[in-house]
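Colleague: Dropping a structure here in structure tokens format, bear with me for questions.
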Amino acid sequence: MLIPEIKQERLYQKIANLIIKLINDNVFPPGSFLPPERELAKQLGVSRSSLREALIVLEISGWIIIQSGNGVIVSDKKHPPVDYTIEEILYTRDLVDSHCARLAALANNETMINKIEALYLRMENAINENNVAEFYTLDKQFHLAISEASHNRVLLDMSRMLWEQRINIPYAGLDKRSGDKNVLINLNQQHKAIIEAIRAGDADNALQQALLHLKYVREIIGY
């Protein structure tokens with residue numbers, strides 16, 4: 001008999017998964033607003049800072065949409081139940097992200113490359129402003145933009161699916177190491193190397209730079 005692995009969740013992950021359950025149970029139906037942050041934190045019996053971290057993870061994973069000054073809306077996107085391991089997700093990301101970078105270099109679409117580079121520059125600003133949550137939100141957009149630049153819709157859909165599984169991966173920028181400024185700087189230097197390879201039309205180097213980036217991501221989260 002295969003003995004299941006016991007998952008050690010951070011507090012923000014536990015809060016996020018509880019909110020997901022409430023969404024799935026239709027307590028917070030798609031299209032509705034979550035209660036105000038102060039009220040929701042009180043209802044869940046958690047601090048506002050821990051709730052805020054959970055909301056960031058939920059937004060990155062596509063469960064909610066945070067509208068500044070307006071509130072938090074539950075996404076109407078369907079999220080089929082899955083139970084992938086972190087290793088399965090990371091291994092698949094190695095395959096998908098690296099080949100998206102390779103195809104993006106071959107496509108050499110100037111408009112898409114400029115879009116990717118603009119996201120890199122916005123991440124630079126987020127680092128300078130010590131805005132870790134903004135950095136990781138832009139990180140998602142950066143990698144999805146590369147997937148879009150591959151002009152392969154299957155790979156793009158797979159990339160989106162992989163991002164939706166981030167809910168139980170402890171590197172949404174909320175853990176000590178992944179939120180360290182030097183780590184963010186290293187990540188963005190790697191982003192820059194991927195962009196330069198894509199812009200140069202060097203498909204093999206784009207693939208290798210993507211793999212090096214993902215190797216570093218593994219080091220951050222201990223996988």
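Each chain in the structure tokens gets a letter, A, B and so on, in the order shown; residues start at 1 in every chain, and ligands are counted from 1 in the order they appear.
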Using only C-alpha atoms, which residues of region 126-154 of chain A come within 10 Å of region 41-59 of chain A, and what is the closest atom pair for each, with the distance in Å to one decimal? Give it as a tab-separated table, sorted by chain and residue number.

Modeller:
```
residue	atom	partner	partner_atom	distance
A:Ala133	CA	A:Ile56	CA	6.9
A:Glu134	CA	A:Ile56	CA	9.2
A:Tyr136	CA	A:Ile56	CA	9.1
A:Thr137	CA	A:Ile56	CA	8.1
```

Colleague: Contacts of region 138-146 of chain A at 8 Å or less, counting only C-alpha atoms, minus same-chain residues fewer than 5 places along, as a PyMOL selection string?

Modeller: chain A and resi 60+97+100-101+104+112+115-116+119-120+122-123+156+159-160+163

Colleague: Between A:Asp157, A:Lys215, A:Val132, A:His191, which residue has the minimum interatomic distance to Gly179 (chain A), considering only C-alpha atoms?

Modeller: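 With only C-alpha atoms as the atom set, the closest residue is A:Val132.
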
Colleague: Among region 3-152 of chain A, which residues carry a DSSP assignment of strand (DSSP E), reported as an MDAnalysis selection string?

Modeller: chainID A and resid 64:67 71:74

Colleague: Would you save the residues of that selection, restricted to C-alpha atoms, as a compact mmCIF listing (two decimals), in the first residue's frame?

Modeller:
```txt
# COMPACT_ATOMS: atom_id res chain seq x y z
CA ILE A 64 -9.82 35.54 -7.15
CA ILE A 65 -9.34 38.96 -8.73
CA ILE A 66 -8.14 41.73 -6.43
CA GLN A 67 -9.48 45.10 -7.58
CA GLY A 71 -12.70 44.65 -3.35
CA VAL A 72 -11.94 41.00 -4.05
CA ILE A 73 -14.04 39.15 -6.63
CA VAL A 74 -14.28 35.37 -6.87
```

Colleague: Can you work out which one of A:Ala210, A:Ala200, A:Val217, A:Ile19 has the shortest atom-to-atom distance to Arg177 (chain A), counting only C-alpha atoms?

Modeller: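 Closest candidate: A:Val217.
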
Colleague: Need to verify the contact set: Tyr216 (chain A), 12 Å, only C-alpha atoms, exclusion of same-chain residues closer than 3 positions in sequence. Can you return it as a list of chain:residue names?

Modeller: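 After dropping sequence-adjacent residues, the list is A:Leu90, A:Asp94, A:Tyr171, A:Ser178, A:Val183, A:Leu184, A:Asn186, A:Leu187, A:Asn188, A:Gln189, A:Gln190, A:His191, A:Gln209, A:Ala210, A:Leu211, A:Leu212, A:His213, A:Glu219, A:Ile220, A:Ile221, A:Gly222, A:Tyr223.
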
Colleague: Would you save the residues of that selection, restricted to C-alpha atoms, as a CSV table (one decimal), in the first residue's frame?

Modeller:
```
chain,number,residue,atom,x,y,z
A,90,LEU,CA,8.1,21.5,-11.2
A,94,ASP,CA,10.8,22.4,-16.8
A,171,TYR,CA,7.3,30.1,-3.2
A,178,SER,CA,11.8,33.7,-1.7
A,183,VAL,CA,16.8,36.3,-4.4
A,184,LEU,CA,14.5,38.6,-6.3
A,186,ASN,CA,18.9,36.9,-9.0
A,187,LEU,CA,15.5,35.8,-10.4
A,188,ASN,CA,15.2,39.0,-12.5
A,189,GLN,CA,18.7,38.7,-13.8
A,190,GLN,CA,17.7,35.3,-15.0
A,191,HIS,CA,14.6,36.8,-16.6
A,209,GLN,CA,18.4,30.0,-19.8
A,210,ALA,CA,14.8,28.9,-18.9
A,211,LEU,CA,16.1,25.7,-17.4
A,212,LEU,CA,18.8,27.5,-15.4
A,213,HIS,CA,16.1,29.8,-14.0
A,219,GLU,CA,16.9,25.7,-4.9
A,220,ILE,CA,14.7,28.4,-3.4
A,221,ILE,CA,12.0,26.1,-2.4
A,222,GLY,CA,14.2,23.1,-1.5
A,223,TYR,CA,13.3,20.8,-4.4
```

Colleague: Given the choices A:Gln208, A:His79, A:Gly69, A:Pro35, which gets closest to Lys21 (chain A) if the distance is worked out from only C-alpha atoms?

Modeller: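 Using only C-alpha atoms, Lys21 (chain A) sits closest to A:His79.
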
Colleague: State, in Å with one decimal place, the distance from CA of Ile194 (chain A) to CA of Arg102 (chain A).

Modeller: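 Here the two named atoms are 9.6 Å from each other.
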
Colleague: If you run DSSP over the backbone, which residues in chain A end up alpha helix (DSSP H)? Put them as a ChimeraX atom specification.

Modeller: /A:11-24,37-44,48-60,86-107,110-128,132-149,153-164,181-199,203-221

Colleague: Between CA of Tyr84 (chain A) and CA of Ala149 (chain A), what is the distance, to one decimal in Å?

Modeller: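 Calculated distance between CA of Tyr84 (chain A) and CA of Ala149 (chain A) is 26.5 Å.
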
Colleague: CA of Ser150 (chain A) to CA of Ala105 (chain A): how many Å, to one decimal?

Modeller: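 Distance between the two atoms: 7.9 Å.
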
Colleague: Closest to Arg218 (chain A) among A:Ala16, A:Leu34, A:Leu22, A:Ile89, using only C-alpha atoms?

Modeller: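 For Arg218 (chain A), the nearest of the given residues is A:Ile89.
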
Colleague: Here is a test: counting only C-alpha atoms, which residue of A:Thr92, A:Ser32, A:Ser98, A:Asn70 is nearest to Leu207 (chain A)?

Modeller: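 Nearest to Leu207 (chain A): A:Ser98.
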